[in-house]
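What follows is the content of model.cif, which has mmCIF, C-alpha atoms:
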data_upload
#
loop_
_atom_site.label_atom_id
_atom_site.label_comp_id
_atom_site.auth_asym_id
_atom_site.auth_seq_id
_atom_site.Cartn_x
_atom_site.Cartn_y
_atom_site.Cartn_z
CA MET A 235 19.35 24.43 8.58
CA GLU A 236 15.87 25.61 9.45
CA LEU A 237 12.69 24.28 7.88
CA LEU A 238 9.45 26.18 8.10
CA LEU A 239 6.31 24.08 8.08
CA SER A 240 2.96 25.61 7.26
CA GLU A 241 -0.30 24.68 8.94
CA GLN A 242 -1.09 22.30 6.08
CA ASP A 243 2.31 20.65 6.56
CA LEU A 244 1.46 20.16 10.22
CA ILE A 245 -1.90 18.67 9.31
CA ASP A 246 -0.18 16.34 6.87
CA SER A 247 2.23 15.35 9.62
CA VAL A 248 -0.60 14.50 11.99
CA CYS A 249 -2.36 12.57 9.20
CA VAL A 250 0.76 10.49 8.59
CA TYR A 251 1.40 9.99 12.31
CA ALA A 252 -2.17 8.99 13.14
CA ALA A 253 -2.36 6.75 10.07
CA ALA A 254 0.73 4.86 11.24
CA LYS A 255 -0.80 4.45 14.70
CA GLU A 256 -4.18 3.38 13.41
CA TYR A 257 -2.89 1.19 10.57
CA THR A 258 -4.78 3.12 7.94
CA ASN A 259 -3.98 5.52 5.11
CA PRO A 260 -3.42 9.27 5.75
CA GLU A 261 -6.17 10.31 3.33
CA SER A 262 -8.86 8.88 5.57
CA ILE A 263 -7.97 11.10 8.52
CA ASP A 264 -9.34 14.54 9.39
CA VAL A 265 -7.25 16.71 11.67
CA ASP A 266 -8.24 19.54 13.98
CA LEU A 267 -5.27 21.56 15.23
CA ALA A 268 -5.80 23.60 18.37
CA PHE A 269 -3.89 26.07 20.49
CA ASN A 270 -4.72 27.18 23.99
CA PRO A 271 -2.35 29.48 25.91
CA SER A 272 -2.95 27.49 29.06
CA PHE A 273 -2.53 24.01 27.61
CA GLY A 274 -0.38 24.66 24.56
CA PHE A 275 -0.77 22.89 21.25
CA SER A 276 -2.91 19.89 20.66
CA ALA A 277 -4.65 18.11 17.83
CA THR A 278 -7.57 15.76 17.33
CA ALA A 279 -7.41 13.17 14.59
CA ASP A 280 -10.70 11.82 13.33
CA VAL A 281 -10.08 8.34 12.02
CA ARG A 282 -13.43 7.39 10.45
CA GLY A 283 -15.39 8.53 13.46
CA ARG A 284 -12.85 7.37 16.03
CA PHE A 285 -11.09 10.31 17.68
CA ARG A 286 -7.49 10.32 18.76
CA ASN A 287 -6.14 13.19 20.86
CA LEU A 288 -2.58 14.34 20.39
CA ASN A 289 -0.70 16.52 22.84
CA GLU A 290 2.20 18.86 22.11
CA GLN A 291 4.81 16.12 22.23
CA ASP A 292 2.72 13.98 19.89
CA LEU A 293 2.64 16.89 17.42
CA ILE A 294 6.43 17.17 17.58
CA ASP A 295 6.71 13.41 17.07
CA ALA A 296 4.31 13.70 14.14
CA VAL A 297 6.52 16.30 12.48
CA ALA A 298 9.57 14.11 13.05
CA VAL A 299 7.81 11.05 11.63
CA TYR A 300 6.59 13.02 8.61
CA LEU A 301 10.04 14.44 7.86
CA ARG A 302 11.60 11.00 8.38
CA ASP A 303 9.16 9.09 6.20
CA TYR A 304 8.63 11.59 3.40
CA HIS A 305 11.82 13.63 3.32
CA ASN A 306 14.38 11.15 4.69
CA PHE A 307 15.47 13.23 7.67
CA ASP A 308 17.08 11.67 10.70
CA PRO A 309 14.59 12.27 13.57
CA ASP A 310 17.40 12.39 16.13
CA ARG A 311 18.76 15.52 14.47
CA LEU A 312 15.49 17.45 14.43
CA ALA A 313 14.31 20.03 16.95
CA VAL A 314 10.77 21.27 16.47
CA ASP A 315 9.39 24.63 17.60
CA LEU A 316 5.62 24.94 17.28
CA ARG A 317 4.38 28.48 16.78
CA TYR A 318 1.05 30.19 16.91
CA THR A 319 0.42 33.60 15.42
CA GLU A 320 -3.05 35.00 15.26
CA ASN A 321 -3.04 35.89 11.57
CA VAL A 322 -0.90 32.97 10.34
CA GLY A 323 -2.13 30.18 12.56
CA ILE A 324 -0.11 27.24 13.78
CA THR A 325 3.21 26.70 12.06
CA ALA A 326 6.43 24.96 12.97
CA SER A 327 10.10 25.71 12.67
CA VAL A 328 12.37 22.70 12.48
CA LEU A 329 16.07 22.96 13.19
CA VAL A 330 18.15 20.29 11.51
CA ARG A 331 21.34 19.83 13.47
CA MET B 886 -25.74 -34.16 7.60
CA LYS B 887 -23.34 -35.48 4.96
CA LYS B 888 -25.05 -33.41 2.30
CA LEU B 889 -24.78 -30.36 4.50
CA LEU B 890 -21.05 -30.93 4.96
CA ILE B 891 -20.54 -31.34 1.22
CA ALA B 892 -22.53 -28.17 0.60
CA PHE B 893 -20.36 -26.28 3.10
CA ALA B 894 -17.15 -27.64 1.56
CA LEU B 895 -18.34 -26.56 -1.87
CA LEU B 896 -19.29 -23.14 -0.60
CA PHE B 897 -15.90 -22.67 1.08
CA SER B 898 -13.99 -23.85 -1.97
CA LEU B 899 -15.89 -21.38 -4.13
CA VAL B 900 -15.99 -18.40 -1.78
CA ILE B 901 -12.65 -18.46 0.10
CA PRO B 902 -10.32 -18.30 -2.94
CA GLY B 903 -12.35 -15.38 -4.27
CA MET B 904 -11.96 -13.53 -0.99
CA ALA B 905 -8.23 -14.19 -0.91
CA GLU B 906 -7.82 -12.90 -4.42
CA ALA B 907 -9.80 -9.77 -3.69
CA LYS B 908 -7.55 -9.08 -0.72
CA GLY B 909 -4.42 -9.72 -2.73
CA PHE B 910 -5.40 -7.44 -5.55
CA SER B 911 -6.57 -4.63 -3.35
CA GLY B 912 -3.52 -2.67 -4.42
CA GLY B 913 -3.28 0.80 -3.07
CA HIS B 914 -2.41 4.34 -3.90
CA SER B 915 1.17 4.68 -4.99
CA SER B 916 1.04 8.37 -4.27
CA PHE B 917 -1.33 10.34 -2.20
CA SER B 918 -2.24 13.91 -1.62
CA HIS B 919 -3.68 14.90 1.68
CA SER B 920 -7.18 16.06 1.17
CA SER B 921 -8.10 16.00 4.80
CA THR B 922 -10.41 18.71 5.86
CA ARG B 923 -8.60 21.44 7.66
CA THR B 924 -10.28 22.78 10.72
CA SER B 925 -8.07 24.69 13.07
CA SER B 926 -9.49 26.10 16.24
CA TYR B 927 -7.76 28.64 18.41
CA SER B 928 -8.61 29.94 21.79
CA SER B 929 -9.74 33.54 21.86
CA HIS B 930 -6.93 35.73 22.95
CA SER B 931 -5.98 38.90 21.18
CA THR B 932 -2.54 39.64 22.46
CA GLY B 933 -1.16 39.70 18.93
CA SER B 934 2.05 38.06 20.08
CA THR B 935 3.48 34.82 18.80
CA TYR B 936 3.46 31.84 21.06
CA HIS B 937 6.43 29.49 20.87
CA SER B 938 6.47 26.02 22.26
CA GLY B 939 10.26 26.08 22.22
CA TYR B 940 12.51 23.74 20.28
CA LYS B 941 11.85 20.20 21.33
CA SER B 942 13.17 16.94 20.02
CA ALA B 943 11.02 14.01 19.04
CA SER B 944 10.41 11.48 21.77
CA SER B 945 12.07 8.09 21.86
CA ASN B 946 8.93 6.60 20.34
CA VAL B 947 10.10 7.88 16.97
CA SER B 948 12.62 5.41 15.65
CA ARG B 949 15.13 6.15 12.93
CA SER B 950 13.75 3.50 10.65
CA SER B 951 10.85 4.47 8.48
CA SER B 952 7.47 3.04 9.35
CA TYR B 953 6.03 4.07 6.03
CA THR B 954 6.91 1.75 3.21
CA ASN B 955 5.76 2.90 -0.16
CA THR B 956 4.88 -0.54 -1.43
CA GLN B 957 4.18 -0.76 -5.07
CA PRO B 958 0.74 -2.05 -5.86
CA SER B 959 0.85 -5.67 -6.85
CA LYS B 960 0.96 -6.21 -10.55
CA ARG B 961 -2.53 -6.95 -11.75
CA SER B 962 -2.60 -10.07 -13.82
CA SER B 963 -4.57 -9.40 -16.93
CA PHE B 964 -7.47 -11.40 -18.23
CA TRP B 965 -5.54 -12.32 -21.37
CA SER B 966 -2.70 -14.03 -19.52
CA HIS B 967 -5.26 -16.26 -17.80
CA ALA B 968 -7.06 -16.86 -21.08
CA ALA B 969 -3.79 -17.78 -22.83
CA ALA B 970 -2.81 -20.16 -20.04
CA PHE B 971 -6.24 -21.74 -20.15
CA GLY B 972 -6.07 -22.10 -23.94
CA ALA B 973 -2.57 -23.59 -23.84
CA GLY B 974 -3.65 -26.04 -21.13
CA THR B 975 -6.69 -27.08 -23.13
CA PHE B 976 -4.66 -27.55 -26.29
CA VAL B 977 -1.88 -29.58 -24.67
CA GLY B 978 -4.46 -31.54 -22.69
CA SER B 979 -6.36 -32.40 -25.85
CA MET B 980 -3.14 -33.68 -27.44
CA PHE B 981 -2.74 -36.33 -24.80
CA HIS B 982 -6.37 -37.34 -24.66
CA PRO B 983 -6.52 -41.06 -25.46
CA PHE B 984 -9.88 -40.78 -27.23
CA GLY B 985 -9.30 -37.42 -28.85
CA GLY B 986 -10.42 -36.34 -32.28
CA HIS B 987 -14.11 -36.28 -31.49
CA TYR B 988 -16.11 -33.52 -33.01
CA TYR B 989 -19.87 -33.53 -32.61
CA GLY B 990 -19.78 -37.23 -31.92
CA HIS B 991 -17.70 -38.12 -34.97
CA SER B 992 -14.29 -39.62 -34.54
CA TYR B 993 -11.74 -38.78 -37.21
CA GLY B 994 -9.40 -41.58 -36.22
CA PHE B 995 -5.67 -41.38 -36.72
CA SER B 996 -4.24 -38.40 -38.58
CA PHE B 997 -0.62 -38.53 -39.69
CA PHE B 998 -0.45 -34.76 -40.13
CA GLY B 999 -1.93 -34.27 -36.67
CA PHE B 1000 0.67 -36.66 -35.30
CA LEU B 1001 3.45 -34.60 -36.91
CA VAL B 1002 2.02 -31.40 -35.48
CA ASP B 1003 1.88 -33.06 -32.05
CA LEU B 1004 5.52 -34.10 -32.39
CA LEU B 1005 6.50 -30.58 -33.45
CA ILE B 1006 4.70 -29.05 -30.45
CA LEU B 1007 6.28 -31.57 -28.08
CA TYR B 1008 9.70 -30.71 -29.54
CA ILE B 1009 9.06 -26.97 -29.03
CA ILE B 1010 7.95 -27.58 -25.42
CA TYR B 1011 11.09 -29.69 -24.87
CA LYS B 1012 13.31 -26.92 -26.28
CA VAL B 1013 11.62 -24.26 -24.17
CA ILE B 1014 11.98 -26.27 -20.94
CA LYS B 1015 15.58 -27.11 -21.80
CA GLY B 1016 16.23 -23.43 -22.50
CA ILE B 1017 14.82 -22.47 -19.12
CA PHE B 1018 16.45 -25.10 -16.91
CA PHE B 1019 19.69 -25.86 -18.72
CA ARG B 1020 20.70 -22.38 -19.77
CA ARG B 1021 24.35 -22.06 -20.65
CA ARG B 1022 26.21 -20.03 -18.03
CA TYR B 1023 28.85 -17.62 -19.27
#
For the structure just supplied, provide its representation as C-alpha coordinates.
Amino acid sequence: MELLLSEQDLIDSVCVYAAAKEYTNPESIDVDLAFNPSFGFSATADVRGRFRNLNEQDLIDAVAVYLRDYHNFDPDRLAVDLRYTENVGITASVLVR
Amino acid sequence: MKKLLIAFALLFSLVIPGMAEAKGFSGGHSSFSHSSTRTSSYSSHSTGSTYHSGYKSASSNVSRSSSYTNTQPSKRSSFWSHAAAFGAGTFVGSMFHPFGGHYYGHSYGFSFFGFLVDLLILYIIYKVIKGIFFRRRY
(Lines of atoms letter the chains of each structure in order from A and count residues from 1; the text may use other names and numbers.)
(Lines give C-alpha, C1' and ligand atoms only; values in the text may rest on other atoms or scores of the structure.)
Protein backbone atom coordinates (compact mmCIF):
# COMPACT_ATOMS: atom_id res chain seq x y z
CA MET A 1 0.00 0.00 0.00
CA GLU A 2 1.23 3.48 -0.83
CA LEU A 3 0.23 6.61 1.03
CA LEU A 4 0.72 10.03 -0.47
CA LEU A 5 1.31 12.84 2.00
CA SER A 6 0.82 16.43 0.98
CA GLU A 7 3.00 19.30 2.12
CA GLN A 8 0.50 20.12 4.87
CA ASP A 9 0.65 16.49 6.03
CA LEU A 10 4.43 16.81 6.23
CA ILE A 11 4.12 20.02 8.21
CA ASP A 12 1.67 18.32 10.55
CA SER A 13 4.15 15.47 10.95
CA VAL A 14 6.95 17.85 11.89
CA CYS A 15 4.61 19.67 14.30
CA VAL A 16 3.76 16.39 16.04
CA TYR A 17 7.39 15.24 16.06
CA ALA A 18 8.78 18.51 17.40
CA ALA A 19 5.97 18.77 19.95
CA ALA A 20 6.87 15.33 21.32
CA LYS A 21 10.53 16.36 21.54
CA GLU A 22 9.82 19.69 23.15
CA TYR A 23 7.02 18.48 25.45
CA THR A 24 4.52 20.92 24.05
CA ASN A 25 1.41 20.81 21.88
CA PRO A 26 1.63 20.69 18.05
CA GLU A 27 -0.47 23.83 17.61
CA SER A 28 2.23 26.01 19.12
CA ILE A 29 4.83 25.07 16.51
CA ASP A 30 5.56 26.77 13.19
CA VAL A 31 7.35 24.73 10.56
CA ASP A 32 9.51 25.79 7.64
CA LEU A 33 10.16 22.99 5.15
CA ALA A 34 13.15 23.40 2.87
CA PHE A 35 14.77 21.61 -0.02
CA ASN A 36 18.24 22.14 -1.38
CA PRO A 37 19.60 19.87 -4.14
CA SER A 38 22.97 19.81 -2.43
CA PHE A 39 21.80 19.11 1.10
CA GLY A 40 18.43 17.46 0.52
CA PHE A 41 15.37 18.01 2.66
CA SER A 42 15.35 19.79 5.94
CA ALA A 43 12.95 21.60 8.21
CA THR A 44 13.05 24.21 10.93
CA ALA A 45 10.56 24.04 13.76
CA ASP A 46 9.88 27.25 15.63
CA VAL A 47 8.81 26.34 19.13
CA ARG A 48 7.80 29.69 20.63
CA GLY A 49 10.94 31.40 19.44
CA ARG A 50 13.22 28.43 20.00
CA PHE A 51 14.36 26.89 16.71
CA ARG A 52 14.93 23.22 16.15
CA ASN A 53 16.57 22.03 12.93
CA LEU A 54 15.52 18.74 11.41
CA ASN A 55 17.50 16.89 8.77
CA GLU A 56 16.17 14.44 6.18
CA GLN A 57 16.18 11.48 8.56
CA ASP A 58 14.34 13.54 11.16
CA LEU A 59 11.65 14.32 8.57
CA ILE A 60 11.28 10.61 7.81
CA ASP A 61 11.07 9.89 11.53
CA ALA A 62 8.47 12.65 11.85
CA VAL A 63 6.31 11.03 9.18
CA ALA A 64 6.65 7.67 10.91
CA VAL A 65 5.75 9.16 14.30
CA TYR A 66 2.76 11.00 12.82
CA LEU A 67 1.43 7.89 11.08
CA ARG A 68 2.03 5.83 14.23
CA ASP A 69 0.39 8.24 16.64
CA TYR A 70 -2.53 9.44 14.53
CA HIS A 71 -3.21 6.60 12.13
CA ASN A 72 -2.00 3.57 14.12
CA PHE A 73 0.61 2.41 11.63
CA ASP A 74 3.52 0.24 12.64
CA PRO A 75 6.64 2.42 12.06
CA ASP A 76 8.77 -0.64 11.33
CA ARG A 77 6.68 -1.35 8.25
CA LEU A 78 6.91 2.13 6.75
CA ALA A 79 9.33 3.33 4.08
CA VAL A 80 9.23 7.04 3.34
CA ASP A 81 10.24 8.70 0.08
CA LEU A 82 10.41 12.49 0.26
CA ARG A 83 9.77 14.26 -3.03
CA TYR A 84 10.20 17.74 -4.31
CA THR A 85 8.52 19.01 -7.45
CA GLU A 86 8.71 22.63 -8.39
CA ASN A 87 4.99 23.19 -8.88
CA VAL A 88 3.74 20.85 -6.13
CA GLY A 89 6.34 21.40 -3.46
CA ILE A 90 7.53 18.87 -0.93
CA THR A 91 5.43 15.74 -0.63
CA ALA A 92 6.04 12.23 0.60
CA SER A 93 5.18 8.77 -0.56
CA VAL A 94 4.95 6.15 2.15
CA LEU A 95 5.13 2.46 1.37
CA VAL A 96 3.42 0.26 3.93
CA ARG A 97 4.96 -3.18 3.78
CA MET B 1 10.30 36.54 63.45
CA LYS B 2 7.49 34.32 64.74
CA LYS B 3 4.91 36.61 63.18
CA LEU B 4 6.77 36.49 59.90
CA LEU B 5 6.77 32.68 59.97
CA ILE B 6 3.05 32.59 60.70
CA ALA B 7 2.43 35.05 57.87
CA PHE B 8 4.43 32.86 55.49
CA ALA B 9 2.61 29.71 56.59
CA LEU B 10 -0.72 31.46 56.04
CA LEU B 11 0.37 32.69 52.64
CA PHE B 12 1.52 29.22 51.59
CA SER B 13 -1.64 27.56 52.84
CA LEU B 14 -3.73 30.03 50.86
CA VAL B 15 -1.66 30.23 47.69
CA ILE B 16 -0.25 26.71 47.13
CA PRO B 17 -3.59 24.82 47.01
CA GLY B 18 -4.88 27.38 44.52
CA MET B 19 -1.86 26.84 42.30
CA ALA B 20 -2.22 23.07 42.49
CA GLU B 21 -5.86 23.28 41.53
CA ALA B 22 -5.14 25.55 38.61
CA LYS B 23 -2.58 23.07 37.34
CA GLY B 24 -4.94 20.15 37.80
CA PHE B 25 -7.79 21.77 35.96
CA SER B 26 -5.70 23.03 33.10
CA GLY B 27 -7.34 20.43 30.90
CA GLY B 28 -6.35 20.50 27.31
CA HIS B 29 -7.60 20.21 23.80
CA SER B 30 -9.19 16.88 23.14
CA SER B 31 -8.79 17.41 19.44
CA PHE B 32 -6.59 19.76 17.56
CA SER B 33 -6.21 21.06 14.09
CA HIS B 34 -2.85 22.20 12.95
CA SER B 35 -2.97 25.86 12.29
CA SER B 36 0.74 26.31 12.08
CA THR B 37 1.86 28.82 9.57
CA ARG B 38 3.15 27.18 6.47
CA THR B 39 6.28 28.64 5.03
CA SER B 40 8.14 26.44 2.63
CA SER B 41 11.34 27.63 1.08
CA TYR B 42 13.02 26.01 -1.86
CA SER B 43 16.35 26.60 -3.40
CA SER B 44 16.26 28.19 -6.81
CA HIS B 45 16.76 25.59 -9.44
CA SER B 46 14.61 25.31 -12.50
CA THR B 47 15.34 21.86 -13.78
CA GLY B 48 11.66 20.95 -13.64
CA SER B 49 12.51 17.43 -12.54
CA THR B 50 11.33 15.75 -9.38
CA TYR B 51 13.82 15.08 -6.67
CA HIS B 52 13.44 11.87 -4.69
CA SER B 53 15.11 11.19 -1.42
CA GLY B 54 14.55 7.48 -1.94
CA TYR B 55 12.53 5.19 0.29
CA LYS B 56 13.97 5.23 3.76
CA SER B 57 12.79 3.66 6.95
CA ALA B 58 12.37 5.49 10.21
CA SER B 59 15.37 5.41 12.49
CA SER B 60 15.53 3.31 15.63
CA ASN B 61 14.58 6.38 17.64
CA VAL B 62 10.99 5.82 16.59
CA SER B 63 9.56 3.17 18.85
CA ARG B 64 6.48 1.14 18.10
CA SER B 65 4.64 2.43 21.12
CA SER B 66 2.81 5.67 20.75
CA SER B 67 4.25 8.69 22.48
CA TYR B 68 1.08 10.66 21.99
CA THR B 69 -1.61 9.83 24.47
CA ASN B 70 -4.89 11.53 23.83
CA THR B 71 -5.72 12.09 27.47
CA GLN B 72 -9.19 13.19 28.15
CA PRO B 73 -9.40 16.50 29.93
CA SER B 74 -10.08 16.02 33.59
CA LYS B 75 -13.69 16.30 34.50
CA ARG B 76 -14.33 19.78 35.77
CA SER B 77 -16.09 19.69 39.08
CA SER B 78 -18.96 22.09 38.98
CA PHE B 79 -19.67 24.83 41.45
CA TRP B 80 -22.95 23.19 42.46
CA SER B 81 -21.36 19.95 43.60
CA HIS B 82 -19.12 21.95 45.93
CA ALA B 83 -22.06 24.05 47.09
CA ALA B 84 -24.15 20.92 47.78
CA ALA B 85 -21.32 19.29 49.71
CA PHE B 86 -20.82 22.46 51.71
CA GLY B 87 -24.55 22.71 52.44
CA ALA B 88 -24.80 19.06 53.47
CA GLY B 89 -21.77 19.46 55.73
CA THR B 90 -23.23 22.56 57.35
CA PHE B 91 -26.58 20.88 57.89
CA VAL B 92 -25.19 17.67 59.38
CA GLY B 93 -22.71 19.70 61.43
CA SER B 94 -25.50 21.85 62.84
CA MET B 95 -27.39 18.71 63.87
CA PHE B 96 -24.60 17.62 66.17
CA HIS B 97 -23.89 21.04 67.59
CA PRO B 98 -24.33 20.79 71.36
CA PHE B 99 -25.65 24.34 71.68
CA GLY B 100 -27.62 24.42 68.47
CA GLY B 101 -30.94 26.09 67.89
CA HIS B 102 -29.67 29.63 68.20
CA TYR B 103 -31.14 32.16 65.89
CA TYR B 104 -30.23 35.81 66.31
CA GLY B 105 -29.24 35.14 69.89
CA HIS B 106 -32.45 33.35 70.83
CA SER B 107 -32.36 29.73 71.85
CA TYR B 108 -35.42 27.67 70.98
CA GLY B 109 -34.51 24.87 73.36
CA PHE B 110 -35.53 21.29 72.75
CA SER B 111 -37.81 20.52 69.83
CA PHE B 112 -39.39 17.08 69.63
CA PHE B 113 -40.18 17.48 65.94
CA GLY B 114 -36.61 18.57 65.27
CA PHE B 115 -35.40 15.52 67.17
CA LEU B 116 -37.55 13.27 64.96
CA VAL B 117 -36.22 14.92 61.83
CA ASP B 118 -32.68 14.42 63.13
CA LEU B 119 -33.41 10.74 63.74
CA LEU B 120 -34.90 10.38 60.26
CA ILE B 121 -31.83 11.99 58.66
CA LEU B 122 -29.48 9.80 60.70
CA TYR B 123 -31.46 6.74 59.59
CA ILE B 124 -31.21 7.81 55.92
CA ILE B 125 -27.44 8.37 56.28
CA TYR B 126 -27.14 4.93 57.92
CA LYS B 127 -29.07 3.30 55.07
CA VAL B 128 -26.99 5.06 52.42
CA ILE B 129 -23.68 4.03 54.03
CA LYS B 130 -24.95 0.49 54.51
CA GLY B 131 -26.05 0.43 50.87
CA ILE B 132 -22.60 1.53 49.74
CA PHE B 133 -20.41 -0.70 51.90
CA PHE B 134 -22.57 -3.76 52.44
CA ARG B 135 -24.05 -4.15 49.00
CA ARG B 136 -25.44 -7.59 48.32
CA ARG B 137 -23.29 -9.47 45.83
CA TYR B 138 -25.08 -11.59 43.25
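Here atom CA of A:Glu241 and atom CA of B:Ser950 stand 25.5 Å from one another.
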- request: Pick out the residues sitting within 7 Å of stretch 247-259 of chain A, and hand them over as a PyMOL selection string; count all atoms listed in the file, and ignore anything fewer than 2 positions along from it in its own chain.
  value: chain A and resi 243-245+261-263+265+279+293+296-297+299-300
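We find atom CA of A:Met235 and atom CA of A:Val328 to be spaced 8.2 Å apart.
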task: Measure the distance from atom CA of B:Leu1004 to atom CA of B:Thr975 in Å and round it to one decimal.
output: 16.9 Å
message: Just checking: using only C-alpha atoms, which residue out of A:Asp280, A:Asp266, A:Asp246, A:Glu236 ends up closest to A:Val314?
response: A:Glu236
field: Residues returned when the PyMOL selection byres ((chain A) within 6 of (chain B)) runs on this file, as a PyMOL selection string
entry: chain A and resi 261+264+266-270+294-295+303+313-319
message: List the spatial neighbours of A:Leu238 as a ChimeraX atom specification - criterion: any atom at most 8 Å away, only C-alpha atoms, same-chain residues fewer than 5 positions off excluded.
response: /A:325-328
Could you write out the selected residues, including C-alpha atoms, as a PDB file, in the frame of the given file?
ATOM      1  CA  THR A 325       3.210  26.700  12.060  1.00  0.00           C
ATOM      2  CA  ALA A 326       6.430  24.960  12.970  1.00  0.00           C
ATOM      3  CA  SER A 327      10.100  25.710  12.670  1.00  0.00           C
ATOM      4  CA  VAL A 328      12.370  22.700  12.480  1.00  0.00           C
TER       5      VAL A 328
END
Rebuild N, CA and C atoms on stretch 272-289 of chain A, as an mmCIF file, in the frame of the given file?
data_model
loop_
_atom_site.group_PDB
_atom_site.id
_atom_site.type_symbol
_atom_site.label_atom_id
_atom_site.label_comp_id
_atom_site.auth_asym_id
_atom_site.auth_seq_id
_atom_site.Cartn_x
_atom_site.Cartn_y
_atom_site.Cartn_z
ATOM 1 N N SER A 272 -3.135 28.195 27.787
ATOM 2 C CA SER A 272 -2.950 27.490 29.060
ATOM 3 C C SER A 272 -2.414 26.080 28.862
ATOM 4 N N PHE A 273 -2.890 25.427 27.800
ATOM 5 C CA PHE A 273 -2.530 24.010 27.610
ATOM 6 C C PHE A 273 -1.579 23.772 26.450
ATOM 7 N N GLY A 274 -1.322 24.825 25.670
ATOM 8 C CA GLY A 274 -0.380 24.660 24.560
ATOM 9 C C GLY A 274 -1.052 24.102 23.315
ATOM 10 N N PHE A 275 -0.267 23.410 22.528
ATOM 11 C CA PHE A 275 -0.770 22.890 21.250
ATOM 12 C C PHE A 275 -1.337 21.493 21.428
ATOM 13 N N SER A 276 -2.334 21.243 20.651
ATOM 14 C CA SER A 276 -2.910 19.890 20.660
ATOM 15 C C SER A 276 -3.565 19.657 19.299
ATOM 16 N N ALA A 277 -3.974 18.438 19.086
ATOM 17 C CA ALA A 277 -4.650 18.110 17.830
ATOM 18 C C ALA A 277 -5.598 16.950 18.080
ATOM 19 N N THR A 278 -6.633 16.892 17.277
ATOM 20 C CA THR A 278 -7.570 15.760 17.330
ATOM 21 C C THR A 278 -7.624 15.156 15.938
ATOM 22 N N ALA A 279 -7.358 13.888 15.878
ATOM 23 C CA ALA A 279 -7.410 13.170 14.590
ATOM 24 C C ALA A 279 -8.680 12.339 14.554
ATOM 25 N N ASP A 280 -9.444 12.558 13.507
ATOM 26 C CA ASP A 280 -10.700 11.820 13.330
ATOM 27 C C ASP A 280 -10.444 10.692 12.330
ATOM 28 N N VAL A 281 -10.356 9.498 12.857
ATOM 29 C CA VAL A 281 -10.080 8.340 12.020
ATOM 30 C C VAL A 281 -11.397 7.593 11.811
ATOM 31 N N ARG A 282 -12.122 7.991 10.793
ATOM 32 C CA ARG A 282 -13.430 7.390 10.450
ATOM 33 C C ARG A 282 -14.341 7.335 11.675
ATOM 34 N N GLY A 283 -14.472 8.460 12.324
ATOM 35 C CA GLY A 283 -15.390 8.530 13.460
ATOM 36 C C GLY A 283 -14.759 8.189 14.796
ATOM 37 N N ARG A 284 -13.541 7.682 14.773
ATOM 38 C CA ARG A 284 -12.850 7.370 16.030
ATOM 39 C C ARG A 284 -11.829 8.492 16.278
ATOM 40 N N PHE A 285 -11.911 9.119 17.422
ATOM 41 C CA PHE A 285 -11.090 10.310 17.680
ATOM 42 C C PHE A 285 -9.849 9.944 18.488
ATOM 43 N N ARG A 286 -8.758 10.547 18.076
ATOM 44 C CA ARG A 286 -7.490 10.320 18.760
ATOM 45 C C ARG A 286 -6.910 11.690 19.129
ATOM 46 N N ASN A 287 -6.668 11.903 20.403
ATOM 47 C CA ASN A 287 -6.140 13.190 20.860
ATOM 48 C C ASN A 287 -4.622 13.163 20.908
ATOM 49 N N LEU A 288 -4.039 14.233 20.404
ATOM 50 C CA LEU A 288 -2.580 14.340 20.390
ATOM 51 C C LEU A 288 -2.165 15.568 21.198
ATOM 52 N N ASN A 289 -1.207 15.376 22.070
ATOM 53 C CA ASN A 289 -0.700 16.520 22.840
ATOM 54 C C ASN A 289 0.477 17.152 22.102
#
